[in-house]
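Enquirer: Below are the structure tokens for one structure; questions will follow.
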2 protein chains.
Amino acid sequence: MTNALPPLTEQGRPTLKTIAAESGLAVATVSRALKDASDIGEETKRRVREIANRLGYRPNRAALRLRTGKTNVIALVFSTEADVMNHASSLIYSAAEALRGTAYHVVIMPFFADQDAMAPIRYLVETESADGVILNQTMPDDPRVRYLSERNFPFATHGRTETGINHPYFDYDNHAFAAITVQELARRGRKHLLLVAPPASQSYAAHMTTGFFQGCKDHGLQAEVLATAHSDSGAVRIHAAVAERMAAANRPDGMVVGSTTAAMSAVTGAESLGLVIGRDFDLAAKEALNFLFRFRREIIVLHEDVGKAGDFLARALMAAIEDSTTAPRQFLDRPTIADLV
Amino acid sequence: MTNALPPLTEQGRPTLKTIAAESGLAVATVSRALKDASDIGEETKRRVREIANRLGYRPNRAALRLRTGKTNVIALVFSTEADVMNHASSLIYSAAEALRGTAYHVVIMPFFADQDAMAPIRYLVETESADGVILNQTMPDDPRVRYLSERNFPFATHGRTETGINHPYFDYDNHAFAAITVQELARRGRKHLLLVAPPASQSYAAHMTTGFFQGCKDHGLQAEVLATAHSDSGAVRIHAAVAERMAAANRPDGMVVGSTTAAMSAVTGAESLGLVIGRDFDLAAKEALNFLFRFRREIIVLHEDVGKAGDFLARALMAAIEDSTTAPRQFLDRPTIADLV
DNA sequence: GCAGAAATCTATAACGTTATAGTTTTTTCA
DNA sequence: TGAAAAAACTATAACGTTATAGATTTCTGC
């Protein structure tokens, strides 16, 4: 008992071996003690924890991963293109924040315009380099969702799909967004609305479009979708397309726009004809940040909380990883009139 | 030779063992063959490569990492706060793009407002969970840079430091930015300029400020720094601070603003007094995206390419990881008059 | 006081890889 | 022809962890 402790093996990071030497126990015992196994004595556990603590022991992730197959990695597979004021950044941060204090690391796997959307997904599954993956920009019949689901690889999506597969998701209710903004435009006396819709390939395009038509029907407004550009077409294109449409006959007097950047281009497009927002037309859009009202005070803005999405998706994915049998967590974020800023 | 090949071990991911069985060679030989070692016969290498290829062999990252200590991970330690239209997202993507085709994965470690900036850095170093790290928002005497440098942990920074430590970095020349915008404001006949400077704790605040004063001196303009807000203070605060200053005596007739979002708030702040941009005052800012000119056509915009930073930093860091003896790669991105959009 | 049960602890092997120190085979050339 | 050198390949151990099966010690009850 009064013996000098055996010398620490070299210096460097402490491992289970270091603790074993320091405590006189076997490596396996130390391992079990640290995971609070039932066949280890209380006093032993206490001692082991104390030593581990004192030495600043941290389990080696590579060894853990090799031994157990668990990577403790969550991958975010995000597109690089799309909206520049894109939500990816908030989503990344809020997901990372939700994962704080857990063993999970967040790795970013962008996929590129010149690349198949499936490539990074296949890579992840084939190399087993993550325990789960979060996707954005879902498509109605998303092959990534099918692939992951077939292989039982845990995932969660930002946006719903029409695959019939029951998976964790977080989605903003774009149907409600469109309906609410239409209602507000009707309240302001607008009669003929133009929708700058998201690209048709994306899941949420259909939601927003049906919400738009439904709303217009409910309020007896004339409804129309901009034919020559969508809300991710890029500023120049949208500006031109809106200008062209607003110059033609039977000009709309209200617009609902599917993205924040598109809203600015749509405004300048109309303004290029000498039209004045709030007088000749009104325009509604959603926004995660909070500057559109500075851009033009008159824009009708519905606030969208993207941080909520990242947080929810991270937790939903963890739950799916840790127990694949429970029902997938799903959330539809419904905007209300109160979210008009 | 005509013997049936031994059955593949189970199915699952092929390993070196699988290839060894398939080829009749030892595992070590397969390993050496795949890394093109000089003591393996050409014909053997060819055969091994062919089999590896056919089976879709991918080295196991965990095993590699455990055995060699190399993680093949590059960590991005980014602050979550700061400019909402912040450059982090572009930087992440361009770094990831630069790493495409290499063995590196990108992990994001945000650090949070309530947290010591050193925490994620210490974690990375202590747990050896990355081969190198990219930091942003450097401070003149940045403790993270000191810490990493002392421990010989490879890193690269977005922004310079005044530590005297010779490390890889990419920096935008904010001195030149200020000087150029001052020159442009002088050309437009402005006489008294106000700088909405970055927070003084950040490295680039000093650069921008000295560039501003230098420029004003060169052109014989009166120079002043906004005292009650900085360019990351948040929209409301900046709006109010600018409004207050512009309402007071000896009003400036030009502004240089350190961030894109701050530019919008500064404009609305001045406008709230009835001042008109382009007539009563001019305002210059830099921007990574391209919408400020839609916000107010009259804003003087200097374009900053953030993608370049991510690309450069990723490559510089890889170079530092692979050869710590060569000179660190450093780049100062100098804007010119031509970058005025 | 002793058999059996319960409580603790440990030895071993394995995950997939590579560095090291061999061993075997082939070539060279005196 | 045969010894030395060169070329080609292999066995072993190790990285840090955990699951498994087994070993040892202590307790229990009669």
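Ordering of the structure tokens sets the chain letters (A, B, ...), residue numbers begin anew at 1 in every chain, and ligands are numbered from 1 in the order given.
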Distance table requested - chain A against chain B, cut-off 7 Å, only C-alpha atoms: one row per qualifying residue with the closest atom pair and its distance in Å to one decimal, ordered by chain and rising residue number, as a tab-separated table.

Expert:
residue	atom	partner	partner_atom	distance
A:Arg58	CA	B:Thr127	CA	6.9
A:Ala62	CA	B:Ala62	CA	4.8
A:Ala63	CA	B:Leu66	CA	5.9
A:Arg65	CA	B:Ala62	CA	6.0
A:Leu66	CA	B:Ala62	CA	5.3
A:Thr80	CA	B:Tyr93	CA	6.6
A:Met85	CA	B:Met85	CA	7.0
A:Ser89	CA	B:Ser89	CA	5.3
A:Tyr93	CA	B:Thr80	CA	6.6
A:Ala96	CA	B:Pro110	CA	6.9
A:His105	CA	B:Val107	CA	7.0
A:Val106	CA	B:Val107	CA	5.5
A:Val107	CA	B:Val107	CA	4.2
A:Ile108	CA	B:Val106	CA	5.7
A:Pro110	CA	B:Tyr93	CA	6.7
A:Thr127	CA	B:Arg58	CA	6.9
A:Met264	CA	B:Arg294	CA	6.9
A:Thr268	CA	B:Arg294	CA	6.7
A:Arg294	CA	B:Thr268	CA	6.6
A:Phe295	CA	B:Phe295	CA	5.2

Enquirer: When you look at stretch 6-22 of chain D with a cut-off of 10 Å (counting only C-alpha atoms (C1' of nucleotides)), what residues show up, excluding the ones that are within fewer than 6 positions of it in the same chain? I need them as a compact mmCIF listing (two decimals) with N, CA and C atoms (P, O5', C5', C4', C3', O3' and C1' of nucleotides), in the first residue's frame.

Expert:
# COMPACT_ATOMS: atom_id res chain seq x y z
N THR A 15 -4.00 6.36 -21.52
CA THR A 15 -4.94 5.39 -22.09
C THR A 15 -5.46 4.53 -20.95
N LEU A 16 -6.27 3.58 -21.30
CA LEU A 16 -6.75 2.66 -20.27
C LEU A 16 -5.57 1.97 -19.60
N LYS A 17 -4.56 1.70 -20.39
CA LYS A 17 -3.36 1.05 -19.88
C LYS A 17 -2.71 1.90 -18.79
N VAL A 27 -6.62 -3.85 -17.60
CA VAL A 27 -7.18 -2.91 -18.56
C VAL A 27 -8.68 -3.12 -18.73
N ALA A 28 -9.07 -4.37 -18.82
CA ALA A 28 -10.49 -4.67 -19.02
C ALA A 28 -11.31 -4.15 -17.84
N SER A 31 -11.74 -0.47 -18.16
CA SER A 31 -12.71 -0.19 -19.21
C SER A 31 -14.14 -0.35 -18.67
N ARG A 32 -14.37 -1.47 -18.00
CA ARG A 32 -15.71 -1.74 -17.48
C ARG A 32 -16.08 -0.76 -16.37
N PRO A 59 -11.17 8.86 -23.99
CA PRO A 59 -11.12 7.66 -24.83
C PRO A 59 -10.61 7.98 -26.23
N ASN A 60 -9.89 7.09 -26.77
CA ASN A 60 -9.37 7.24 -28.13
C ASN A 60 -10.46 6.89 -29.13
N ARG A 61 -10.84 7.92 -29.92
CA ARG A 61 -11.96 7.73 -30.84
C ARG A 61 -11.67 6.69 -31.90
N ALA A 62 -10.44 6.65 -32.36
CA ALA A 62 -10.10 5.72 -33.44
C ALA A 62 -10.23 4.29 -32.94
N ALA A 63 -9.75 4.05 -31.74
CA ALA A 63 -9.80 2.69 -31.19
C ALA A 63 -11.25 2.27 -30.96
N LEU A 64 -11.99 3.19 -30.40
CA LEU A 64 -13.40 2.95 -30.16
C LEU A 64 -14.11 2.59 -31.46
N ARG A 65 -13.81 3.37 -32.45
CA ARG A 65 -14.48 3.20 -33.74
C ARG A 65 -14.08 1.89 -34.39
N LEU A 66 -12.81 1.57 -34.28
CA LEU A 66 -12.33 0.32 -34.88
C LEU A 66 -12.99 -0.86 -34.17
N ARG A 67 -13.00 -0.76 -32.85
CA ARG A 67 -13.52 -1.88 -32.06
C ARG A 67 -15.03 -2.02 -32.21
N THR A 68 -15.75 -0.93 -32.08
CA THR A 68 -17.21 -1.01 -31.99
C THR A 68 -17.94 -0.71 -33.30
N LEU B 25 -1.71 -13.87 -51.07
CA LEU B 25 -0.56 -13.17 -50.47
C LEU B 25 -0.80 -12.93 -48.99
N ALA B 26 0.24 -12.46 -48.30
CA ALA B 26 0.07 -12.09 -46.89
C ALA B 26 -0.52 -10.69 -46.80
N VAL B 27 -1.18 -10.43 -45.69
CA VAL B 27 -1.79 -9.13 -45.48
C VAL B 27 -0.76 -8.01 -45.62
N ALA B 28 0.40 -8.23 -45.01
CA ALA B 28 1.44 -7.20 -45.06
C ALA B 28 1.85 -6.91 -46.50
N THR B 29 1.93 -7.95 -47.30
CA THR B 29 2.32 -7.76 -48.70
C THR B 29 1.29 -6.92 -49.43
N SER B 38 8.78 -0.32 -52.62
CA SER B 38 9.78 -0.72 -53.61
C SER B 38 10.15 -2.20 -53.51
N ASP B 39 9.79 -2.82 -52.39
CA ASP B 39 10.20 -4.22 -52.26
C ASP B 39 9.10 -5.20 -52.67
N ILE B 40 8.16 -4.71 -53.46
CA ILE B 40 7.11 -5.60 -53.96
C ILE B 40 7.21 -5.65 -55.49
N GLY B 41 7.07 -6.85 -56.04
CA GLY B 41 7.21 -7.02 -57.49
C GLY B 41 6.12 -6.30 -58.27
N THR B 44 3.05 -8.35 -58.94
CA THR B 44 2.25 -8.50 -57.72
C THR B 44 1.41 -7.25 -57.46
N ALA B 63 -8.84 2.27 -38.46
CA ALA B 63 -7.65 1.44 -38.27
C ALA B 63 -6.40 2.23 -38.64
N LEU B 64 -6.49 2.94 -39.72
CA LEU B 64 -5.38 3.77 -40.18
C LEU B 64 -5.00 4.78 -39.11
N ARG B 65 -6.03 5.38 -38.57
CA ARG B 65 -5.82 6.42 -37.58
C ARG B 65 -5.24 5.86 -36.29
N LEU B 66 -5.74 4.71 -35.91
CA LEU B 66 -5.24 4.08 -34.69
C LEU B 66 -3.78 3.71 -34.87
N ARG B 67 -3.50 3.11 -36.01
CA ARG B 67 -2.16 2.62 -36.24
C ARG B 67 -1.15 3.76 -36.45
N THR B 68 -1.52 4.72 -37.26
CA THR B 68 -0.54 5.73 -37.67
C THR B 68 -0.66 7.04 -36.90
N GLY B 69 -1.79 7.26 -36.26
CA GLY B 69 -1.97 8.54 -35.59
C GLY B 69 -2.48 9.62 -36.51
P DT C 10 -7.96 -7.21 -11.78
O5' DT C 10 -7.92 -8.41 -12.81
C5' DT C 10 -7.65 -9.74 -12.33
C4' DT C 10 -7.54 -10.67 -13.52
C3' DT C 10 -6.71 -10.11 -14.68
O3' DT C 10 -5.89 -11.16 -15.14
C1' DT C 10 -8.83 -10.77 -15.45
P DA C 11 -4.56 -10.86 -15.92
O5' DA C 11 -4.60 -12.03 -17.02
C5' DA C 11 -5.31 -13.24 -16.74
C4' DA C 11 -5.55 -14.01 -18.04
C3' DA C 11 -4.59 -13.71 -19.19
O3' DA C 11 -4.41 -14.93 -19.90
C1' DA C 11 -6.79 -13.06 -19.80
P DT C 12 -3.53 -15.03 -21.22
O5' DT C 12 -4.64 -14.79 -22.35
C5' DT C 12 -5.80 -15.64 -22.34
C4' DT C 12 -6.64 -15.33 -23.57
C3' DT C 12 -5.84 -14.94 -24.82
O3' DT C 12 -6.30 -15.77 -25.87
C1' DT C 12 -7.54 -13.35 -24.40
P DA C 13 -5.56 -15.81 -27.28
O5' DA C 13 -6.67 -15.19 -28.22
C5' DA C 13 -8.04 -15.56 -28.01
C4' DA C 13 -8.93 -14.58 -28.74
C3' DA C 13 -8.41 -14.16 -30.12
O3' DA C 13 -9.51 -14.18 -31.02
C1' DA C 13 -8.83 -12.25 -28.82
P DA C 14 -9.22 -14.31 -32.60
O5' DA C 14 -9.88 -12.98 -33.17
C5' DA C 14 -11.21 -12.63 -32.81
C4' DA C 14 -11.36 -11.15 -32.87
C3' DA C 14 -10.74 -10.51 -34.12
O3' DA C 14 -11.79 -10.15 -35.00
C1' DA C 14 -10.32 -9.24 -32.13
P DC C 15 -11.41 -9.80 -36.53
O5' DC C 15 -11.83 -8.28 -36.69
C5' DC C 15 -13.03 -7.71 -36.15
C4' DC C 15 -12.81 -6.23 -36.03
C3' DC C 15 -11.92 -5.66 -37.13
O3' DC C 15 -12.74 -5.21 -38.21
C1' DC C 15 -11.35 -4.78 -34.96
P DT C 17 -7.85 -2.34 -43.77
O5' DT C 17 -6.44 -1.86 -43.23
C5' DT C 17 -6.24 -0.50 -42.91
C4' DT C 17 -5.02 -0.33 -42.03
C3' DT C 17 -3.69 -0.61 -42.70
O3' DT C 17 -3.25 0.61 -43.29
C1' DT C 17 -3.76 -1.37 -40.42
P DT C 18 -1.91 0.59 -44.16
O5' DT C 18 -0.77 0.50 -43.04
C5' DT C 18 -0.51 1.61 -42.21
C4' DT C 18 0.71 1.30 -41.35
C3' DT C 18 1.99 1.08 -42.14
O3' DT C 18 3.03 1.64 -41.36
C1' DT C 18 1.57 -0.81 -40.82
P DA C 19 4.32 2.18 -42.07
O5' DA C 19 5.44 1.95 -40.95
C5' DA C 19 5.11 2.12 -39.58
C4' DA C 19 6.11 1.34 -38.74
C3' DA C 19 7.52 1.24 -39.31
O3' DA C 19 8.41 1.31 -38.20
C1' DA C 19 6.61 -0.94 -39.11
P DT C 20 9.97 1.29 -38.42
O5' DT C 20 10.35 -0.22 -38.04
C5' DT C 20 9.87 -0.77 -36.81
C4' DT C 20 10.31 -2.22 -36.73
C3' DT C 20 11.70 -2.48 -37.33
O3' DT C 20 12.49 -3.10 -36.34
C1' DT C 20 10.12 -4.04 -38.15
P DA C 21 14.05 -3.41 -36.63
O5' DA C 21 14.05 -5.00 -36.64
C5' DA C 21 13.16 -5.71 -35.77
C4' DA C 21 13.00 -7.10 -36.34
C3' DA C 21 14.31 -7.69 -36.86
O3' DA C 21 14.34 -9.07 -36.52
C1' DA C 21 12.72 -7.72 -38.57
P DG C 22 15.72 -9.91 -36.63
O5' DG C 22 15.91 -10.06 -38.21
C5' DG C 22 15.89 -11.29 -38.88
C4' DG C 22 14.52 -11.94 -38.92
C3' DG C 22 14.52 -13.10 -39.90
O3' DG C 22 14.24 -14.30 -39.17
C1' DG C 22 12.90 -11.46 -40.56
P DT C 23 14.93 -15.64 -39.75
O5' DT C 23 14.08 -15.98 -41.06
C5' DT C 23 12.71 -16.38 -40.94
C4' DT C 23 12.19 -16.60 -42.34
C3' DT C 23 13.01 -17.60 -43.16
O3' DT C 23 12.12 -18.55 -43.70
C1' DT C 23 12.73 -15.58 -44.36
P DT C 24 12.64 -19.91 -44.31
O5' DT C 24 12.41 -19.70 -45.88
C5' DT C 24 11.12 -19.33 -46.33
C4' DT C 24 11.27 -18.75 -47.71
C3' DT C 24 12.01 -19.65 -48.71
O3' DT C 24 11.11 -19.91 -49.76
C1' DT C 24 12.77 -17.41 -48.85
P DT C 25 11.46 -21.02 -50.88
O5' DT C 25 11.87 -20.10 -52.11
C5' DT C 25 10.96 -19.11 -52.58
C4' DT C 25 11.72 -18.17 -53.49
C3' DT C 25 12.48 -18.87 -54.63
O3' DT C 25 11.92 -18.42 -55.84
C1' DT C 25 13.81 -17.18 -53.60
P DT C 26 12.46 -19.05 -57.24
O5' DT C 26 13.46 -17.90 -57.68
C5' DT C 26 12.96 -16.57 -57.83
C4' DT C 26 14.15 -15.65 -58.08
C3' DT C 26 15.02 -16.06 -59.27
O3' DT C 26 15.00 -14.98 -60.19
C1' DT C 26 16.35 -15.50 -57.37
P DT C 27 15.81 -15.15 -61.58
O5' DT C 27 17.13 -14.31 -61.27
C5' DT C 27 16.99 -12.95 -60.83
C4' DT C 27 18.36 -12.45 -60.40
C3' DT C 27 19.43 -12.54 -61.48
O3' DT C 27 19.90 -11.23 -61.71
C1' DT C 27 20.24 -13.34 -59.39
P DT C 28 20.94 -11.00 -62.91
O5' DT C 28 22.32 -10.93 -62.12
C5' DT C 28 22.40 -10.11 -60.95
C4' DT C 28 23.77 -10.30 -60.33
C3' DT C 28 24.92 -10.37 -61.33
O3' DT C 28 25.91 -9.44 -60.93
C1' DT C 28 25.03 -12.20 -59.81

Enquirer: As a PyMOL selection string, which residues of stretch 47-287 of chain A does DSSP assign to strand (DSSP E)?

Expert: chain A and resi 73-79+105-111+132-135+155-158+169-172+192-196+222-225+254-257+282-287

Enquirer: By how many Å are atom CA of B:Asp232 and atom CA of B:Thr260 apart?

Expert: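 Going from atom CA of B:Asp232 over to atom CA of B:Thr260 covers 9.9 Å.
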
Enquirer: Write out as a short mmCIF file (atom, residue, chain, number, x, y, z; two decimals) with N, CA and C atoms (P, O5', C5', C4', C3', O3' and C1' of nucleotides), in the first residue's frame the residues lying within 12 Å of A:Glu42, counting only C-alpha atoms (C1' of nucleotides) and excluding same-chain residues fewer than 4 positions away.

Expert:
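Okay, around_29.cif is ready:
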data_model
loop_
_atom_site.label_atom_id
_atom_site.label_comp_id
_atom_site.auth_asym_id
_atom_site.auth_seq_id
_atom_site.Cartn_x
_atom_site.Cartn_y
_atom_site.Cartn_z
N ARG A 32 -14.37 -1.47 -18.00
CA ARG A 32 -15.71 -1.74 -17.48
C ARG A 32 -16.08 -0.76 -16.37
N ALA A 33 -15.12 -0.44 -15.55
CA ALA A 33 -15.39 0.50 -14.46
C ALA A 33 -15.85 1.84 -15.02
N LEU A 34 -15.16 2.30 -16.06
CA LEU A 34 -15.50 3.61 -16.61
C LEU A 34 -16.87 3.62 -17.28
N ASP A 36 -19.29 1.97 -16.00
CA ASP A 36 -20.22 1.74 -14.90
C ASP A 36 -20.91 0.38 -15.01
N ALA A 37 -20.13 -0.62 -15.38
CA ALA A 37 -20.70 -1.97 -15.52
C ALA A 37 -21.06 -2.52 -14.15
N SER A 38 -22.02 -3.43 -14.13
CA SER A 38 -22.57 -3.88 -12.85
C SER A 38 -21.64 -4.87 -12.14
N ARG A 46 -15.04 4.08 -8.18
CA ARG A 46 -14.69 5.40 -7.65
C ARG A 46 -13.21 5.69 -7.89
N ARG A 47 -12.39 4.73 -7.52
CA ARG A 47 -10.94 4.92 -7.66
C ARG A 47 -10.57 5.16 -9.12
N VAL A 48 -11.13 4.31 -9.98
CA VAL A 48 -10.79 4.41 -11.40
C VAL A 48 -11.21 5.77 -11.96
N ARG A 49 -12.39 6.17 -11.62
CA ARG A 49 -12.87 7.47 -12.10
C ARG A 49 -11.97 8.59 -11.61
P DA C 7 -24.74 -10.40 -6.12
"O5'" DA C 7 -23.18 -10.09 -6.01
"C5'" DA C 7 -22.57 -10.12 -4.73
"C4'" DA C 7 -21.10 -9.81 -4.90
"C3'" DA C 7 -20.79 -8.62 -5.81
"O3'" DA C 7 -19.85 -7.83 -5.12
"C1'" DA C 7 -19.55 -10.52 -6.51
P DT C 8 -19.49 -6.32 -5.61
"O5'" DT C 8 -17.97 -6.45 -5.96
"C5'" DT C 8 -17.63 -7.41 -6.89
"C4'" DT C 8 -16.13 -7.63 -6.83
"C3'" DT C 8 -15.40 -6.71 -7.80
"O3'" DT C 8 -14.15 -6.38 -7.26
"C1'" DT C 8 -15.31 -8.98 -8.55
#

Enquirer: Which of stretch 101-294 of chain A end up as helix (DSSP H, G or I) when DSSP is run on this backbone - answer as JSON, numbers by chain?

Expert: {"A": [118, 119, 120, 121, 122, 123, 124, 125, 126, 127, 143, 144, 145, 146, 147, 148, 149, 150, 174, 175, 176, 177, 178, 179, 180, 181, 182, 183, 184, 185, 186, 187, 203, 204, 205, 206, 207, 208, 209, 210, 211, 212, 213, 214, 215, 216, 217, 218, 235, 236, 237, 238, 239, 240, 241, 242, 243, 244, 245, 246, 247, 260, 261, 262, 263, 264, 265, 266, 267, 268, 269, 270, 271, 292, 293, 294]}

Enquirer: In terms of the shortest atom-to-atom distance over only C-alpha atoms, which of B:Ala270, B:Ala240, B:Ile165, B:Ala284 is closest to B:Glu150?

Expert: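 Distance minimum relative to B:Glu150 lands on B:Ile165.
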
Enquirer: Distance atom CA of B:Asp282-atom CA of B:Leu185, one decimal place?

Expert: 7.0 Å

Enquirer: Please provide the set of residues having any atom within 7 Å of A:Tyr169, restricted to only C-alpha atoms (C1' of nucleotides), with same-chain residues fewer than 5 positions apart removed, written as a PyMOL selection string.

Expert: chain A and resi 156-160+313+329-331

Enquirer: Rounded to one decimal in Å, what is the spacing between atom CA of B:Met139 and atom CA of B:Gln115?

Expert: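 Straight-line distance from atom CA of B:Met139 to atom CA of B:Gln115 works out to 16.4 Å.
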